[in-house]
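Below you'll find the structure, written out as structure tokens, and then a few comments.
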Amino acid sequence: MYFEQTELLKIAFEADGISSRAPVFLLHGWPDAPTSWMPVASTLQDRGFRTIAPYLRGSYPTEFLSPATPRFAGAVAMAQDVVDLADKLGIGEFAVVGHDWGARIAYTLAALFPERVRAIATLALAYQPRGEFHLGSFQQSRQFWYQFFQCTDAGAEAVRQDSIGFARMQWNTWSPQGWFTEEDFELAMSA
């Protein structure tokens, strides 16, 4: 694990591959961590890429430098975090792969920093142009119950009280049987 300090954050990240090779940022989703990218990162490195997988703001051990900094985790702020990290690492252009919340950040990077983003790939979250929101069917909306739950005071408190249990429920609900090991889960929850 490596660390770089930007104006707002001490960003933790996993990185491997020769620094002169084409960089690929791997952005994790929720509830997840950069460690979930390790098999993908290994394959990319074998094919000649350098990989950087940051612990996105809100994920330990990345931390705000000042307690006075407002805690905000919108896609624009998090895209800026990636650019700030790229700058610290001396990276001009890069490819980006995002999963879930990382996909939203990847789309935002491509929209706001097209001169920096050479390629983009996303998983689990379709592109939605600004101002367009498609809720889908009632069946699909039912899958997002946890987002509504977390918007209530009681729901937010329940998640604070047992964030690991809440994450386990999400992993078990969303994953096919045998999709992940206990070791995979523990590694992600360490973040």
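Here's how to read the names in the structure tokens: chain A, B, ... by the order shown, residue numbers from 1 in each chain, ligand numbers from 1 in the order shown.
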Could you pull out the strand (DSSP E) residues of chain A from DSSP and send them as a ChimeraX atom specification?
/A:2-5,9-16,22-27,49-54,63-64,94-99,117-123
I want to know what sits within 6 Å of region 25-31 of chain A, based on only C-alpha atoms, with residues of the same chain fewer than 3 positions away left out; could you give that as a PyMOL selection string?
chain A and resi 34+51-53+96-102+167
Emit the selected residues as a short mmCIF file (atom, residue, chain, number, x, y, z; two decimals), in the first residue's frame, including N, CA and C atoms.
data_model
loop_
_atom_site.label_atom_id
_atom_site.label_comp_id
_atom_site.auth_asym_id
_atom_site.auth_seq_id
_atom_site.Cartn_x
_atom_site.Cartn_y
_atom_site.Cartn_z
N PRO A 34 -10.20 -1.49 -3.02
CA PRO A 34 -9.28 -1.75 -4.13
C PRO A 34 -8.80 -3.19 -4.22
N THR A 51 -0.96 -0.31 -12.85
CA THR A 51 -2.28 -0.16 -12.22
C THR A 51 -2.18 0.63 -10.93
N ILE A 52 -3.20 1.48 -10.73
CA ILE A 52 -3.33 2.29 -9.52
C ILE A 52 -4.77 2.12 -9.05
N ALA A 53 -4.94 1.63 -7.83
CA ALA A 53 -6.29 1.40 -7.28
C ALA A 53 -6.41 2.15 -5.95
N VAL A 96 -9.23 4.43 -17.26
CA VAL A 96 -9.93 4.26 -15.98
C VAL A 96 -10.97 3.16 -16.11
N VAL A 97 -11.02 2.30 -15.10
CA VAL A 97 -12.02 1.25 -15.01
C VAL A 97 -12.75 1.46 -13.69
N GLY A 98 -14.07 1.52 -13.74
CA GLY A 98 -14.84 1.75 -12.53
C GLY A 98 -15.95 0.74 -12.36
N HIS A 99 -16.15 0.33 -11.11
CA HIS A 99 -17.24 -0.58 -10.77
C HIS A 99 -18.18 0.13 -9.80
N ASP A 100 -19.49 0.06 -10.07
CA ASP A 100 -20.50 0.61 -9.18
C ASP A 100 -20.24 2.11 -8.99
N TRP A 101 -20.01 2.55 -7.76
CA TRP A 101 -19.76 3.97 -7.52
C TRP A 101 -18.51 4.42 -8.28
N GLY A 102 -17.54 3.54 -8.42
CA GLY A 102 -16.35 3.85 -9.21
C GLY A 102 -16.69 4.12 -10.67
N ALA A 167 -22.79 -4.58 5.07
CA ALA A 167 -22.04 -4.90 3.85
C ALA A 167 -22.16 -6.39 3.52
#
Can you list every residue of region 38-156 of chain A that has an atom at most 8 Å from region 4-13 of chain A, with its nearest atom pair and the distance in Å to one decimal, using only C-alpha atoms, ordered by chain then number, as JSON lines?
{"residue": "A:Ile52", "atom": "CA", "partner": "A:Phe13", "partner_atom": "CA", "distance": 6.7}
{"residue": "A:Ala53", "atom": "CA", "partner": "A:Phe13", "partner_atom": "CA", "distance": 5.4}
{"residue": "A:Pro54", "atom": "CA", "partner": "A:Phe13", "partner_atom": "CA", "distance": 3.9}
{"residue": "A:Tyr55", "atom": "CA", "partner": "A:Ala12", "partner_atom": "CA", "distance": 5.5}
{"residue": "A:Leu56", "atom": "CA", "partner": "A:Ile11", "partner_atom": "CA", "distance": 7.7}
{"residue": "A:Arg57", "atom": "CA", "partner": "A:Ile11", "partner_atom": "CA", "distance": 7.8}
{"residue": "A:Pro61", "atom": "CA", "partner": "A:Ala12", "partner_atom": "CA", "distance": 6.0}
{"residue": "A:Thr62", "atom": "CA", "partner": "A:Ile11", "partner_atom": "CA", "distance": 4.6}
{"residue": "A:Glu63", "atom": "CA", "partner": "A:Lys10", "partner_atom": "CA", "distance": 5.4}
{"residue": "A:Phe64", "atom": "CA", "partner": "A:Leu9", "partner_atom": "CA", "distance": 4.5}
{"residue": "A:Leu65", "atom": "CA", "partner": "A:Leu9", "partner_atom": "CA", "distance": 5.3}
{"residue": "A:Ser66", "atom": "CA", "partner": "A:Leu8", "partner_atom": "CA", "distance": 7.4}
{"residue": "A:Thr69", "atom": "CA", "partner": "A:Leu8", "partner_atom": "CA", "distance": 7.6}
{"residue": "A:Asp84", "atom": "CA", "partner": "A:Thr6", "partner_atom": "CA", "distance": 6.4}
{"residue": "A:Leu85", "atom": "CA", "partner": "A:Glu4", "partner_atom": "CA", "distance": 7.0}
{"residue": "A:Lys88", "atom": "CA", "partner": "A:Glu4", "partner_atom": "CA", "distance": 7.0}
Excluding Gln143 (chain A) and any residue of its chain fewer than 4 positions from it, enumerate the residues within 10 Å of it, using only C-alpha atoms, and give them as a list in words.
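My reading of the contact set: Phe138, Gln139, Gln147, Thr173 and Trp174 of chain A.
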Using the chain letters and numbers from this document, which residues of region 43-83 of chain A does DSSP assign to alpha helix (DSSP H), as a PyMOL selection string?
chain A and resi 43-46+75-83
Output N, CA and C atoms of each residue in that selection to a file, as a PDB file, in the first residue's frame.
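Final output, saved to again.pdb:
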ATOM      1  N   THR A  43      -3.666  -9.214 -14.150  1.00  0.00           N
ATOM      2  CA  THR A  43      -3.799  -9.480 -15.586  1.00  0.00           C
ATOM      3  C   THR A  43      -3.360  -8.269 -16.402  1.00  0.00           C
ATOM      4  N   LEU A  44      -3.777  -7.076 -15.985  1.00  0.00           N
ATOM      5  CA  LEU A  44      -3.372  -5.858 -16.696  1.00  0.00           C
ATOM      6  C   LEU A  44      -1.858  -5.667 -16.646  1.00  0.00           C
ATOM      7  N   GLN A  45      -1.266  -5.921 -15.500  1.00  0.00           N
ATOM      8  CA  GLN A  45       0.193  -5.791 -15.369  1.00  0.00           C
ATOM      9  C   GLN A  45       0.904  -6.788 -16.280  1.00  0.00           C
ATOM     10  N   ASP A  46       0.387  -8.016 -16.350  1.00  0.00           N
ATOM     11  CA  ASP A  46       0.976  -9.028 -17.234  1.00  0.00           C
ATOM     12  C   ASP A  46       0.908  -8.598 -18.696  1.00  0.00           C
ATOM     13  N   ALA A  75     -19.572  12.650  -6.971  1.00  0.00           N
ATOM     14  CA  ALA A  75     -18.747  12.150  -8.073  1.00  0.00           C
ATOM     15  C   ALA A  75     -17.738  13.185  -8.560  1.00  0.00           C
ATOM     16  N   VAL A  76     -18.110  14.462  -8.574  1.00  0.00           N
ATOM     17  CA  VAL A  76     -17.179  15.499  -9.036  1.00  0.00           C
ATOM     18  C   VAL A  76     -15.992  15.598  -8.085  1.00  0.00           C
ATOM     19  N   ALA A  77     -16.255  15.624  -6.784  1.00  0.00           N
ATOM     20  CA  ALA A  77     -15.171  15.702  -5.801  1.00  0.00           C
ATOM     21  C   ALA A  77     -14.265  14.480  -5.896  1.00  0.00           C
ATOM     22  N   MET A  78     -14.863  13.316  -6.078  1.00  0.00           N
ATOM     23  CA  MET A  78     -14.062  12.094  -6.125  1.00  0.00           C
ATOM     24  C   MET A  78     -13.284  11.984  -7.436  1.00  0.00           C
ATOM     25  N   ALA A  79     -13.845  12.506  -8.517  1.00  0.00           N
ATOM     26  CA  ALA A  79     -13.097  12.562  -9.778  1.00  0.00           C
ATOM     27  C   ALA A  79     -11.883  13.474  -9.617  1.00  0.00           C
ATOM     28  N   GLN A  80     -12.074  14.596  -8.935  1.00  0.00           N
ATOM     29  CA  GLN A  80     -10.949  15.500  -8.683  1.00  0.00           C
ATOM     30  C   GLN A  80      -9.882  14.809  -7.834  1.00  0.00           C
ATOM     31  N   ASP A  81     -10.302  13.980  -6.885  1.00  0.00           N
ATOM     32  CA  ASP A  81      -9.339  13.221  -6.078  1.00  0.00           C
ATOM     33  C   ASP A  81      -8.453  12.351  -6.970  1.00  0.00           C
ATOM     34  N   VAL A  82      -9.055  11.703  -7.966  1.00  0.00           N
ATOM     35  CA  VAL A  82      -8.288  10.841  -8.876  1.00  0.00           C
ATOM     36  C   VAL A  82      -7.300  11.680  -9.680  1.00  0.00           C
ATOM     37  N   VAL A  83      -7.750  12.821 -10.186  1.00  0.00           N
ATOM     38  CA  VAL A  83      -6.857  13.708 -10.942  1.00  0.00           C
ATOM     39  C   VAL A  83      -5.731  14.211 -10.046  1.00  0.00           C
TER      40      VAL A  83
END
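For the set A:Gln161, A:Glu93, A:Tyr107, A:Met169, the residue with the smallest atom-to-atom gap to Tyr146 (chain A) is A:Met169, counting only C-alpha atoms.
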Who sits within 12 Å of Arg47 (chain A), only C-alpha atoms, same chain under 4 positions skipped, as a PDB file with N, CA and C atoms, in the first residue's frame:
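Output file part_19.pdb is given in full below:
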ATOM      1  N   GLY A  17       3.261  -2.514 -11.282  1.00  0.00           N
ATOM      2  CA  GLY A  17       3.603  -2.373 -12.687  1.00  0.00           C
ATOM      3  C   GLY A  17       4.688  -1.324 -12.852  1.00  0.00           C
ATOM      4  N   ILE A  18       5.349  -1.367 -13.966  1.00  0.00           N
ATOM      5  CA  ILE A  18       6.455  -0.447 -14.241  1.00  0.00           C
ATOM      6  C   ILE A  18       5.902   0.952 -14.477  1.00  0.00           C
ATOM      7  N   ARG A  21       5.011   2.457 -17.901  1.00  0.00           N
ATOM      8  CA  ARG A  21       3.957   1.839 -18.711  1.00  0.00           C
ATOM      9  C   ARG A  21       2.653   2.627 -18.621  1.00  0.00           C
ATOM     10  N   ALA A  22       1.739   2.339 -19.547  1.00  0.00           N
ATOM     11  CA  ALA A  22       0.451   3.041 -19.594  1.00  0.00           C
ATOM     12  C   ALA A  22      -0.334   2.789 -18.306  1.00  0.00           C
ATOM     13  N   PRO A  23      -0.752   3.873 -17.623  1.00  0.00           N
ATOM     14  CA  PRO A  23      -1.452   3.718 -16.346  1.00  0.00           C
ATOM     15  C   PRO A  23      -2.955   3.468 -16.506  1.00  0.00           C
ATOM     16  N   VAL A  24      -3.471   2.630 -15.613  1.00  0.00           N
ATOM     17  CA  VAL A  24      -4.906   2.356 -15.536  1.00  0.00           C
ATOM     18  C   VAL A  24      -5.332   2.546 -14.083  1.00  0.00           C
ATOM     19  N   VAL A  40      -7.722  -8.557 -11.477  1.00  0.00           N
ATOM     20  CA  VAL A  40      -7.759  -7.771 -12.712  1.00  0.00           C
ATOM     21  C   VAL A  40      -6.445  -7.013 -12.873  1.00  0.00           C
ATOM     22  N   ALA A  41      -5.976  -6.414 -11.778  1.00  0.00           N
ATOM     23  CA  ALA A  41      -4.721  -5.657 -11.819  1.00  0.00           C
ATOM     24  C   ALA A  41      -3.573  -6.554 -12.265  1.00  0.00           C
ATOM     25  N   SER A  42      -3.523  -7.757 -11.747  1.00  0.00           N
ATOM     26  CA  SER A  42      -2.460  -8.700 -12.109  1.00  0.00           C
ATOM     27  C   SER A  42      -2.476  -8.998 -13.609  1.00  0.00           C
ATOM     28  N   THR A  43      -3.666  -9.214 -14.150  1.00  0.00           N
ATOM     29  CA  THR A  43      -3.799  -9.480 -15.586  1.00  0.00           C
ATOM     30  C   THR A  43      -3.360  -8.269 -16.402  1.00  0.00           C
ATOM     31  N   THR A  51      -0.962  -0.314 -12.849  1.00  0.00           N
ATOM     32  CA  THR A  51      -2.278  -0.165 -12.220  1.00  0.00           C
ATOM     33  C   THR A  51      -2.182   0.635 -10.928  1.00  0.00           C
TER      34      THR A  51
END
Quick one: of A:Phe49, A:Ser175, A:Leu109, A:Ser36, who's nearest to Ala86 (chain A), counting only C-alpha atoms?
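With only C-alpha atoms as the atom set, the closest residue is A:Leu109.
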Using only C-alpha atoms, find the one residue out of A:Ala110, A:Arg71, A:Met189, A:Cys151 that sits nearest to Ala33 (chain A).
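Distance minimum relative to Ala33 (chain A) lands on A:Met189.
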Pairwise distance, CA of Glu115 (chain A) with CA of Pro39 (chain A), equals 28.5 Å
All residues 12 Å or closer to Gly165 (chain A), only C-alpha atoms, same chain fewer than 6 positions away omitted, as a list in words
Pro31, Ala158, Val159, Trp171, Asn172, Phe185, Glu186 and Met189 of chain A
Measure the distance from CA of Ala154 (chain A) to CA of Pro70 (chain A) in Å and round it to one decimal.
22.7 Å
Proximity to Gly92 (chain A) - best of A:Ile164, A:Leu123, A:Val117, A:Ala188, only C-alpha atoms:
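Of all the options, A:Val117 lies closest to Gly92 (chain A).
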Computed interatomic separation between CA of Gly74 (chain A) and CA of Ile120 (chain A) (Å)
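One can read the CA of Gly74 (chain A) to CA of Ile120 (chain A) distance as 19.2 Å.
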